[in-house]
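Okay, so here's the structure we're looking at.
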Amino acid sequence: MQEQENLFNGKQDRLLSIYFTAGYPSLDSTIDIAEELEKSGADFLEIGFPYSDPVADGPVIQHSSEVALDNGMNLKLLFEQLKELRSRVSIPVFLMGYFNPVLQFGVENFCKACAAVGVNGVIIPDLPMYEYEDLYAETFHQHGISNIFLVTPQTSTERIKKIDALSNSFIYLLSSNATTGKNLEVGESSVTYFQRLKDMQLKNPLVIGFGISNSKTFAQATDYAKGAIIGTAFVKLLGEENYLEKIRGFVADIKA
């Protein structure tokens, strides 16, 4: 928790988070990728746990989930692998995935396992806000795990304020209602949407995701938010040969 407080409450802006899927491209690549991302300058990470029906993801991340599942990745194995996490990675790390695997694993077991390996928080897009508040918030708090909520262009002001009140890390601002992998287009409607959130002066910082793929879109997004998240463009890189050697250049290009 201290790592993310230092990061999000600090003076540094234009924070870069990178998403990748655990178990892709190979079953045991997760920690190596995370370590190289930190060395390359990523500010925090999102490690996706694969699911067979990732409805919010575009074809690139869906494919990575399929490969990871075929490789044998699951939550139990991921937590085994993440026992190495804090001996090799010091930046904040969030897990991202869908609620069904968490429910199967057991919510309390999941939070306990996250805390044991040093995960800072989780992003579960299909966990309803009121269900979280009524049934799971206390468990998350007991284990020091932040739950990150998502906001879309259609989210009402009332709901955004409620999300802000329930949050203790950052708010994930979706650039659009599309699935992952669509290019960000900062048109008039996007500017109005981003500025509306920025003007609300929320207590939690905003981080923009979906559609960020290069230095231009990263710069556009971080004009309105504390940071931005890149997923699909990085997962594409992981499909290439010698991907570990290319990570440093990828991050440098984004932050250029």
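So you can find residues: chains in the structure tokens are A, B, ... in the order shown, residues in each start at 1, and ligands are numbered from 1 in order.
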
Set the distance at 7 Å and use only C-alpha atoms: which residues neighbour Gly23 of chain A once local chain neighbours fewer than 5 positions away are removed? I'd like the list as number ranges by chain. A: 28-30, 68, 71, 73

Close residues, Val251 of chain A itself excluded, 7 Å, only C-alpha atoms, min 3 positions apart in chain, as a ChimeraX atom specification: /A:40-42,247-248,254-255

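Within 8 Å of Ser175 of chain A, once only C-alpha atoms are used and residues closer than 3 positions along the same chain are dropped, the contacting residues are Thr152, Pro153, Leu184, Ser190, Ile208, Gly209, Phe210 and Gly211 of chain A.
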
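Here atom CA of Asn100 of chain A and atom CA of Val235 of chain A stand 22.9 Å from one another.
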
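Straight-line separation from atom CA of Phe94 of chain A to atom CA of Val191 of chain A: 27.3 Å.
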